>>> print(open('data.pdb').read())   # PDB, C-alpha atoms, pLDDT in the B column
ATOM      1  CA  MET I   1     -12.567 -22.583  12.339  1.00 44.00           C
ATOM      2  CA  GLU I   2     -14.913 -25.279  10.975  1.00 47.00           C
ATOM      3  CA  THR I   3     -12.625 -25.821   7.963  1.00 44.00           C
ATOM      4  CA  GLN I   4      -9.663 -26.279  10.319  1.00 46.00           C
ATOM      5  CA  ILE I   5     -11.538 -28.956  12.293  1.00 46.00           C
ATOM      6  CA  HIS I   6     -12.594 -30.723   9.078  1.00 49.00           C
ATOM      7  CA  LEU I   7      -9.006 -30.756   7.772  1.00 49.00           C
ATOM      8  CA  THR I   8      -7.693 -32.024  11.108  1.00 70.00           C
ATOM      9  CA  GLU I   9     -10.222 -34.880  11.117  1.00 68.00           C
ATOM     10  CA  ARG I  10      -9.322 -35.788   7.534  1.00 73.00           C
ATOM     11  CA  THR I  11      -5.592 -35.685   8.314  1.00 86.00           C
ATOM     12  CA  GLU I  12      -6.133 -37.828  11.415  1.00 85.00           C
ATOM     13  CA  LYS I  13      -8.143 -40.328   9.359  1.00 88.00           C
ATOM     14  CA  GLN I  14      -5.448 -40.516   6.678  1.00 91.00           C
ATOM     15  CA  GLU I  15      -2.759 -41.038   9.305  1.00 92.00           C
ATOM     16  CA  LYS I  16      -4.735 -43.780  11.064  1.00 93.00           C
ATOM     17  CA  GLU I  17      -5.382 -45.516   7.728  1.00 93.00           C
ATOM     18  CA  LYS I  18      -1.695 -45.358   6.826  1.00 94.00           C
ATOM     19  CA  ILE I  19      -0.709 -46.836  10.204  1.00 94.00           C
ATOM     20  CA  LEU I  20      -3.328 -49.603   9.995  1.00 94.00           C
ATOM     21  CA  ILE I  21      -2.390 -50.568   6.435  1.00 93.00           C
ATOM     22  CA  LYS I  22       1.291 -50.796   7.332  1.00 95.00           C
ATOM     23  CA  MET I  23       0.482 -52.733  10.490  1.00 94.00           C
ATOM     24  CA  MET I  24      -1.687 -55.231   8.560  1.00 94.00           C
ATOM     25  CA  ASN I  25       0.914 -55.648   5.808  1.00 93.00           C
ATOM     26  CA  ASP I  26       3.676 -56.224   8.371  1.00 94.00           C
ATOM     27  CA  PHE I  27       1.444 -58.687  10.224  1.00 95.00           C
ATOM     28  CA  MET I  28       0.820 -60.630   7.021  1.00 92.00           C
ATOM     29  CA  ILE I  29       4.519 -60.750   6.115  1.00 93.00           C
ATOM     30  CA  ASN I  30       5.786 -61.515   9.622  1.00 92.00           C
ATOM     31  CA  ASN I  31       3.338 -64.394  10.011  1.00 92.00           C
ATOM     32  CA  GLN I  32       3.803 -65.662   6.456  1.00 93.00           C
ATOM     33  CA  TYR I  33       0.118 -65.403   5.564  1.00 91.00           C
ATOM     34  CA  SER I  34      -0.657 -65.241   1.868  1.00 91.00           C
ATOM     35  CA  LYS I  35      -3.887 -63.393   2.672  1.00 91.00           C
ATOM     36  CA  ILE I  36      -5.730 -61.970   5.654  1.00 91.00           C
ATOM     37  CA  ILE I  37      -9.200 -60.498   5.948  1.00 90.00           C
ATOM     38  CA  ARG I  38      -8.862 -56.821   6.813  1.00 92.00           C
ATOM     39  CA  TYR I  39     -10.959 -54.151   8.446  1.00 94.00           C
ATOM     40  CA  TYR I  40     -13.631 -52.129   6.704  1.00 93.00           C
ATOM     41  CA  GLY I  41     -15.061 -48.675   7.284  1.00 93.00           C
ATOM     42  CA  ASN I  42     -14.332 -45.400   8.957  1.00 95.00           C
ATOM     43  CA  VAL I  43     -11.176 -45.411  11.106  1.00 95.00           C
ATOM     44  CA  ASN I  44     -12.485 -42.299  12.885  1.00 94.00           C
ATOM     45  CA  SER I  45     -15.736 -43.998  13.866  1.00 94.00           C
ATOM     46  CA  LYS I  46     -16.623 -43.835  17.529  1.00 94.00           C
ATOM     47  CA  ILE I  47     -18.030 -47.359  17.253  1.00 96.00           C
ATOM     48  CA  PHE I  48     -15.857 -50.412  16.505  1.00 97.00           C
ATOM     49  CA  ILE I  49     -17.881 -53.496  15.486  1.00 96.00           C
ATOM     50  CA  LEU I  50     -15.947 -56.692  16.107  1.00 97.00           C
ATOM     51  CA  GLY I  51     -16.585 -60.181  14.793  1.00 94.00           C
ATOM     52  CA  GLU I  52     -14.540 -63.266  15.589  1.00 94.00           C
ATOM     53  CA  ALA I  53     -12.909 -64.614  12.411  1.00 91.00           C
ATOM     54  CA  PRO I  54     -13.546 -65.157   8.717  1.00 88.00           C
ATOM     55  CA  VAL I  55     -14.663 -68.578   7.557  1.00 82.00           C
ATOM     56  CA  SER I  56     -12.457 -70.478   5.110  1.00 82.00           C
ATOM     57  CA  VAL I  57     -14.722 -69.805   2.122  1.00 77.00           C
ATOM     58  CA  HIS I  58     -14.376 -66.060   2.786  1.00 73.00           C
ATOM     59  CA  LEU I  59     -10.598 -66.255   3.110  1.00 78.00           C
ATOM     60  CA  ASN I  60     -10.465 -68.140  -0.199  1.00 78.00           C
ATOM     61  CA  SER I  61     -12.724 -65.657  -2.015  1.00 76.00           C
ATOM     62  CA  THR I  62     -11.803 -62.448  -3.829  1.00 77.00           C
ATOM     63  CA  SER I  63     -12.972 -60.392  -0.845  1.00 78.00           C
ATOM     64  CA  LYS I  64     -10.286 -58.716   1.225  1.00 80.00           C
ATOM     65  CA  CYS I  65     -12.347 -57.272   4.064  1.00 80.00           C
ATOM     66  CA  VAL I  66     -14.527 -58.263   6.967  1.00 81.00           C
ATOM     67  CA  PHE I  67     -18.059 -59.500   6.136  1.00 79.00           C
ATOM     68  CA  ALA I  68     -17.082 -59.268   2.421  1.00 72.00           C
ATOM     69  CA  PHE I  69     -18.418 -55.711   2.262  1.00 73.00           C
ATOM     70  CA  ASP I  70     -15.920 -54.996  -0.526  1.00 68.00           C
ATOM     71  CA  ASP I  71     -17.060 -57.752  -2.910  1.00 65.00           C
ATOM     72  CA  GLU I  72     -20.444 -57.621  -4.635  1.00 67.00           C
ATOM     73  CA  SER I  73     -19.759 -60.989  -6.281  1.00 56.00           C
ATOM     74  CA  TYR I  74     -19.262 -62.771  -2.922  1.00 51.00           C
ATOM     75  CA  ASP I  75     -22.453 -64.667  -2.066  1.00 55.00           C
ATOM     76  CA  LYS I  76     -23.488 -63.351   1.348  1.00 55.00           C
ATOM     77  CA  LYS I  77     -26.714 -65.393   1.394  1.00 64.00           C
ATOM     78  CA  GLY I  78     -26.858 -67.308   4.658  1.00 61.00           C
ATOM     79  CA  ARG I  79     -23.740 -65.566   5.979  1.00 74.00           C
ATOM     80  CA  SER I  80     -23.166 -62.974   8.689  1.00 82.00           C
ATOM     81  CA  GLY I  81     -22.562 -60.207   6.159  1.00 80.00           C
ATOM     82  CA  GLU I  82     -26.100 -60.660   4.845  1.00 84.00           C
ATOM     83  CA  VAL I  83     -27.545 -60.005   8.318  1.00 88.00           C
ATOM     84  CA  ILE I  84     -25.315 -56.976   8.925  1.00 89.00           C
ATOM     85  CA  LEU I  85     -26.274 -55.480   5.554  1.00 88.00           C
ATOM     86  CA  LYS I  86     -29.977 -56.022   6.317  1.00 90.00           C
ATOM     87  CA  VAL I  87     -29.691 -54.462   9.790  1.00 92.00           C
ATOM     88  CA  PHE I  88     -27.913 -51.367   8.516  1.00 93.00           C
ATOM     89  CA  SER I  89     -30.318 -51.017   5.591  1.00 92.00           C
ATOM     90  CA  ASP I  90     -33.344 -51.363   7.883  1.00 94.00           C
ATOM     91  CA  LEU I  91     -31.873 -48.760  10.241  1.00 95.00           C
ATOM     92  CA  ASN I  92     -31.054 -46.497   7.295  1.00 94.00           C
ATOM     93  CA  VAL I  93     -27.420 -46.064   8.345  1.00 93.00           C
ATOM     94  CA  LYS I  94     -24.286 -46.409   6.239  1.00 93.00           C
ATOM     95  CA  ILE I  95     -21.985 -49.316   6.935  1.00 92.00           C
ATOM     96  CA  SER I  96     -19.061 -47.159   5.808  1.00 93.00           C
ATOM     97  CA  ASP I  97     -19.651 -44.779   8.744  1.00 94.00           C
ATOM     98  CA  TYR I  98     -18.585 -47.471  11.228  1.00 96.00           C
ATOM     99  CA  PHE I  99     -15.404 -49.465  11.752  1.00 96.00           C
ATOM    100  CA  PHE I 100     -15.629 -53.260  11.360  1.00 95.00           C
ATOM    101  CA  ASP I 101     -13.062 -55.977  11.902  1.00 95.00           C
ATOM    102  CA  ASN I 102     -12.544 -59.483  13.205  1.00 95.00           C
ATOM    103  CA  ALA I 103     -10.461 -60.396  16.229  1.00 96.00           C
ATOM    104  CA  PHE I 104      -8.690 -62.976  14.057  1.00 95.00           C
ATOM    105  CA  LYS I 105      -7.669 -62.227  10.500  1.00 95.00           C
ATOM    106  CA  ILE I 106      -7.809 -65.846   9.298  1.00 92.00           C
ATOM    107  CA  PRO I 107     -10.010 -68.817  10.289  1.00 92.00           C
ATOM    108  CA  THR I 108      -9.152 -69.947  13.809  1.00 92.00           C
ATOM    109  CA  GLU I 109      -9.358 -73.733  13.345  1.00 89.00           C
ATOM    110  CA  ASP I 110      -5.647 -74.311  12.930  1.00 78.00           C
ATOM    111  CA  LEU I 111      -4.202 -71.495  15.039  1.00 91.00           C
ATOM    112  CA  THR I 112      -1.857 -72.438  17.853  1.00 93.00           C
ATOM    113  CA  GLU I 113      -2.029 -70.681  21.233  1.00 94.00           C
ATOM    114  CA  ASP I 114       1.002 -68.582  20.236  1.00 95.00           C
ATOM    115  CA  GLU I 115      -0.645 -67.593  16.948  1.00 94.00           C
ATOM    116  CA  ILE I 116      -3.856 -66.694  18.780  1.00 95.00           C
ATOM    117  CA  GLN I 117      -1.853 -64.389  21.026  1.00 96.00           C
ATOM    118  CA  VAL I 118      -0.228 -62.717  18.007  1.00 96.00           C
ATOM    119  CA  HIS I 119      -3.715 -61.952  16.641  1.00 96.00           C
ATOM    120  CA  ILE I 120      -4.844 -60.650  20.051  1.00 96.00           C
ATOM    121  CA  ASP I 121      -1.778 -58.386  20.248  1.00 96.00           C
ATOM    122  CA  LEU I 122      -2.647 -56.998  16.795  1.00 97.00           C
ATOM    123  CA  LEU I 123      -6.246 -56.452  17.904  1.00 97.00           C
ATOM    124  CA  ILE I 124      -5.130 -54.443  20.942  1.00 97.00           C
ATOM    125  CA  LYS I 125      -2.992 -52.199  18.729  1.00 96.00           C
ATOM    126  CA  GLU I 126      -5.825 -51.792  16.257  1.00 96.00           C
ATOM    127  CA  ILE I 127      -8.346 -50.841  18.954  1.00 97.00           C
ATOM    128  CA  ASN I 128      -5.954 -48.282  20.394  1.00 95.00           C
ATOM    129  CA  ILE I 129      -5.332 -46.724  16.967  1.00 95.00           C
ATOM    130  CA  VAL I 130      -9.039 -46.436  16.157  1.00 95.00           C
ATOM    131  CA  SER I 131      -9.744 -45.342  19.734  1.00 95.00           C
ATOM    132  CA  PRO I 132     -13.526 -45.811  19.663  1.00 96.00           C
ATOM    133  CA  ASN I 133     -15.989 -44.789  22.361  1.00 94.00           C
ATOM    134  CA  LYS I 134     -17.660 -48.185  22.108  1.00 96.00           C
ATOM    135  CA  ILE I 135     -16.741 -51.682  20.960  1.00 97.00           C
ATOM    136  CA  ILE I 136     -19.690 -53.809  19.870  1.00 97.00           C
ATOM    137  CA  CYS I 137     -18.691 -57.467  20.127  1.00 97.00           C
ATOM    138  CA  LEU I 138     -20.649 -59.895  17.980  1.00 96.00           C
ATOM    139  CA  GLY I 139     -21.194 -62.962  20.144  1.00 95.00           C
ATOM    140  CA  ASN I 140     -19.994 -64.364  23.449  1.00 95.00           C
ATOM    141  CA  ASP I 141     -16.573 -65.539  22.270  1.00 95.00           C
ATOM    142  CA  VAL I 142     -15.471 -62.126  21.009  1.00 96.00           C
ATOM    143  CA  PHE I 143     -16.996 -60.371  24.005  1.00 97.00           C
ATOM    144  CA  ASN I 144     -15.039 -62.608  26.405  1.00 96.00           C
ATOM    145  CA  ILE I 145     -11.800 -62.055  24.499  1.00 96.00           C
ATOM    146  CA  VAL I 146     -12.159 -58.266  24.589  1.00 97.00           C
ATOM    147  CA  LYS I 147     -13.438 -58.176  28.172  1.00 95.00           C
ATOM    148  CA  ASP I 148     -10.383 -60.147  29.339  1.00 94.00           C
ATOM    149  CA  LEU I 149      -8.054 -57.582  27.752  1.00 94.00           C
ATOM    150  CA  ASN I 150      -9.037 -55.039  30.431  1.00 89.00           C
ATOM    151  CA  LEU I 151      -9.067 -52.171  27.955  1.00 92.00           C
ATOM    152  CA  ASP I 152     -10.498 -48.814  28.947  1.00 92.00           C
ATOM    153  CA  TYR I 153     -13.344 -48.817  26.412  1.00 94.00           C
ATOM    154  CA  ASN I 154     -17.110 -49.242  26.635  1.00 95.00           C
ATOM    155  CA  ILE I 155     -17.594 -52.875  25.581  1.00 96.00           C
ATOM    156  CA  VAL I 156     -21.014 -54.292  24.727  1.00 97.00           C
ATOM    157  CA  LYS I 157     -22.214 -57.577  23.302  1.00 97.00           C
ATOM    158  CA  LEU I 158     -24.780 -58.281  20.617  1.00 96.00           C
ATOM    159  CA  GLN I 159     -25.752 -61.697  19.352  1.00 94.00           C
ATOM    160  CA  HIS I 160     -23.623 -62.907  16.495  1.00 92.00           C
ATOM    161  CA  PRO I 161     -25.399 -62.545  13.130  1.00 91.00           C
ATOM    162  CA  ALA I 162     -25.046 -66.324  12.626  1.00 88.00           C
ATOM    163  CA  TYR I 163     -27.468 -66.786  15.532  1.00 90.00           C
ATOM    164  CA  ILE I 164     -30.129 -64.872  13.601  1.00 89.00           C
ATOM    165  CA  ILE I 165     -29.514 -67.030  10.519  1.00 87.00           C
ATOM    166  CA  ARG I 166     -29.636 -70.280  12.498  1.00 88.00           C
ATOM    167  CA  ASN I 167     -32.984 -69.212  13.977  1.00 87.00           C
ATOM    168  CA  ASN I 168     -34.492 -68.235  10.608  1.00 85.00           C
ATOM    169  CA  TYR I 169     -34.702 -64.562  11.609  1.00 84.00           C
ATOM    170  CA  THR I 170     -37.343 -65.342  14.271  1.00 89.00           C
ATOM    171  CA  ASN I 171     -35.710 -62.898  16.728  1.00 89.00           C
ATOM    172  CA  TYR I 172     -34.864 -60.303  14.081  1.00 92.00           C
ATOM    173  CA  ALA I 173     -37.108 -57.521  15.462  1.00 94.00           C
ATOM    174  CA  GLU I 174     -35.393 -57.681  18.864  1.00 94.00           C
ATOM    175  CA  TYR I 175     -31.998 -57.933  17.183  1.00 93.00           C
ATOM    176  CA  LEU I 176     -32.725 -54.839  15.106  1.00 94.00           C
ATOM    177  CA  GLU I 177     -33.743 -52.903  18.232  1.00 94.00           C
ATOM    178  CA  ALA I 178     -30.551 -53.977  20.019  1.00 95.00           C
ATOM    179  CA  TRP I 179     -28.519 -52.628  17.092  1.00 95.00           C
ATOM    180  CA  ARG I 180     -30.545 -49.402  17.050  1.00 94.00           C
ATOM    181  CA  LYS I 181     -29.757 -48.855  20.741  1.00 94.00           C
ATOM    182  CA  GLU I 182     -26.025 -49.594  20.411  1.00 95.00           C
ATOM    183  CA  LEU I 183     -25.429 -47.521  17.272  1.00 93.00           C
ATOM    184  CA  LYS I 184     -26.510 -44.324  18.975  1.00 81.00           C
ATOM    185  CA  TRP I 185     -23.609 -41.900  19.310  1.00 51.00           C
ATOM    186  CA  THR I 186     -23.019 -41.751  23.055  1.00 40.00           C
TER     187      THR I 186
END
>>> encode(input="data.pdb", output="structure tokens")
Amino acid sequence: METQIHLTERTEKQEKEKILIKMMNDFMINNQYSKIIRYYGNVNSKIFILGEAPVSVHLNSTSKCVFAFDDESYDKKGRSGEVILKVFSDLNVKISDYFFDNAFKIPTEDLTEDEIQVHIDLLIKEINIVSPNKIICLGNDVFNIVKDLNLDYNIVKLQHPAYIIRNNYTNYAEYLEAWRKELKWT
């Protein structure tokens, strides 16, 4: 029986990954993007961690995924990915056990209202495919976007990692405790 459950979970994960990859590739082609920053992690995770958008330097790097988790050569110093890596290391949890993405797959500076809506529509599909128990939104902007979608998911907000950087890690202990509380499997 346990083997059957394990195989079913693996098959479900493979199917979700196949759907997400196709959806992201179609999104890139349909919107004529030469590159987008994609999700990272476990598509069967019960927790979806959502940032807002990559910065231009990230989009123009060799990294292909959110917070540049896939690229050891990408300099994360002073960037959100550095904070996330530190939090997960300090909590002794694997980043790969969770699902990460951004609401927008490219920097938002030049997006029109119509383009913003296309990204939001993709986000809704992505959330429904992953089907998490909880969505952790990093910062007010992302939280407000997701809250306004009226989705039937537990939605919580944590401070954006950039806030911790801007404040020289002075609130890091509280930030770490907030993460510890939200990463519990509920």
>>> closest_atom_pairs(input="data.pdb", of="segment 3-59 of chain I", to="segment 149-163 of chain I", cutoff="10 Å", atoms="only C-alpha atoms", output="tab-separated table")
residue	atom	partner	partner_atom	distance
I:Ile47	CA	I:Asn154	CA	9.6
I:Phe48	CA	I:Ile155	CA	9.6
I:Ile49	CA	I:Val156	CA	9.8
I:Leu50	CA	I:Lys157	CA	9.6
I:Gly51	CA	I:His160	CA	7.7
I:Glu52	CA	I:His160	CA	9.1
>>> residues_around(input="data.pdb", residues="segment 11-20 of chain I", least_positions_apart="6", cutoff="10 Å", atoms="all atoms listed in the file", output="PDB file with C-alpha atoms, in the frame of the given file")
ATOM      1  CA  ILE I   5     -11.538 -28.956  12.293  1.00 46.00           C
ATOM      2  CA  ASP I  26       3.676 -56.224   8.371  1.00 94.00           C
ATOM      3  CA  ARG I  38      -8.862 -56.821   6.813  1.00 92.00           C
ATOM      4  CA  TYR I  39     -10.959 -54.151   8.446  1.00 94.00           C
ATOM      5  CA  ASN I  42     -14.332 -45.400   8.957  1.00 95.00           C
ATOM      6  CA  VAL I  43     -11.176 -45.411  11.106  1.00 95.00           C
ATOM      7  CA  ASN I  44     -12.485 -42.299  12.885  1.00 94.00           C
ATOM      8  CA  SER I  45     -15.736 -43.998  13.866  1.00 94.00           C
ATOM      9  CA  LYS I 125      -2.992 -52.199  18.729  1.00 96.00           C
ATOM     10  CA  GLU I 126      -5.825 -51.792  16.257  1.00 96.00           C
ATOM     11  CA  ILE I 129      -5.332 -46.724  16.967  1.00 95.00           C
ATOM     12  CA  VAL I 130      -9.039 -46.436  16.157  1.00 95.00           C
TER      13      VAL I 130
END
>>> resolve_selection(input="data.pdb", expression="the PyMOL selection byres ((chain I and resi 98) around 6)", output="JSON, numbers by chain")
{"I": [41, 42, 45, 95, 96, 97, 99]}
>>> resolve_selection(input="data.pdb", expression="the PyMOL selection byres ((chain I and resi 103-107) around 7)", output="list of chain:residue names")
I:Ile36, I:Ile37, I:Arg38, I:Leu50, I:Gly51, I:Glu52, I:Ala53, I:Pro54, I:Val55, I:Ser56, I:Leu59, I:Asp101, I:Asn102, I:Thr108, I:Glu109, I:His119, I:Ile120, I:Leu123
>>> resolve_selection(input="data.pdb", expression="the PyMOL selection byres ((chain I and resi 80-82) around 8)", output="list of chain:residue names")
I:Phe67, I:Ala68, I:Phe69, I:Lys76, I:Lys77, I:Gly78, I:Arg79, I:Val83, I:Ile84, I:Leu85, I:Lys86, I:His160, I:Pro161, I:Ala162, I:Ile165
>>> closest_residue(input="data.pdb", among="I:Val87, I:Leu138, I:Met24, I:Leu122", to="Tyr172 of chain I", atoms="all atoms listed in the file")
I:Val87
>>> atom_distance(input="data.pdb", atom1="atom CA of Lys134 of chain I", atom2="atom CA of Lys46 of chain I")
6.4 Å
>>> atom_distance(input="data.pdb", atom1="atom CA of Asp90 of chain I", atom2="atom CA of Lys181 of chain I")
13.6 Å
>>> residues_near_point(input="data.pdb", point="(-0.4, -67.7, 10.3)", cutoff="8 Å", atoms="all atoms listed in the file", output="count of residues only")
7
>>> atom_distance(input="data.pdb", atom1="atom CA of Glu182 of chain I", atom2="atom CA of Val66 of chain I")
19.7 Å
>>> axis_aligned_box(input="data.pdb", around="segment 43-52 of chain I", padding_each_side="3 Å", output="lines of an AutoDock Vina configuration file")
center_x = -14.6
center_y = -52.8
center_z = 14.3
size_x = 12.9
size_y = 27.0
size_z = 12.4
>>> closest_residue(input="data.pdb", among="I:Tyr169, I:Phe88, I:Ile145, I:Asn60", to="Gln117 of chain I", atoms="all atoms listed in the file")
I:Ile145
>>> closest_residue(input="data.pdb", among="I:Asn168, I:Lys35, I:Pro132, I:Lys94", to="Cys65 of chain I", atoms="all atoms listed in the file")
I:Lys35
>>> closest_residue(input="data.pdb", among="I:Ile21, I:Leu183, I:Leu176, I:Val146", to="Tyr40 of chain I", atoms="all atoms listed in the file")
I:Ile21
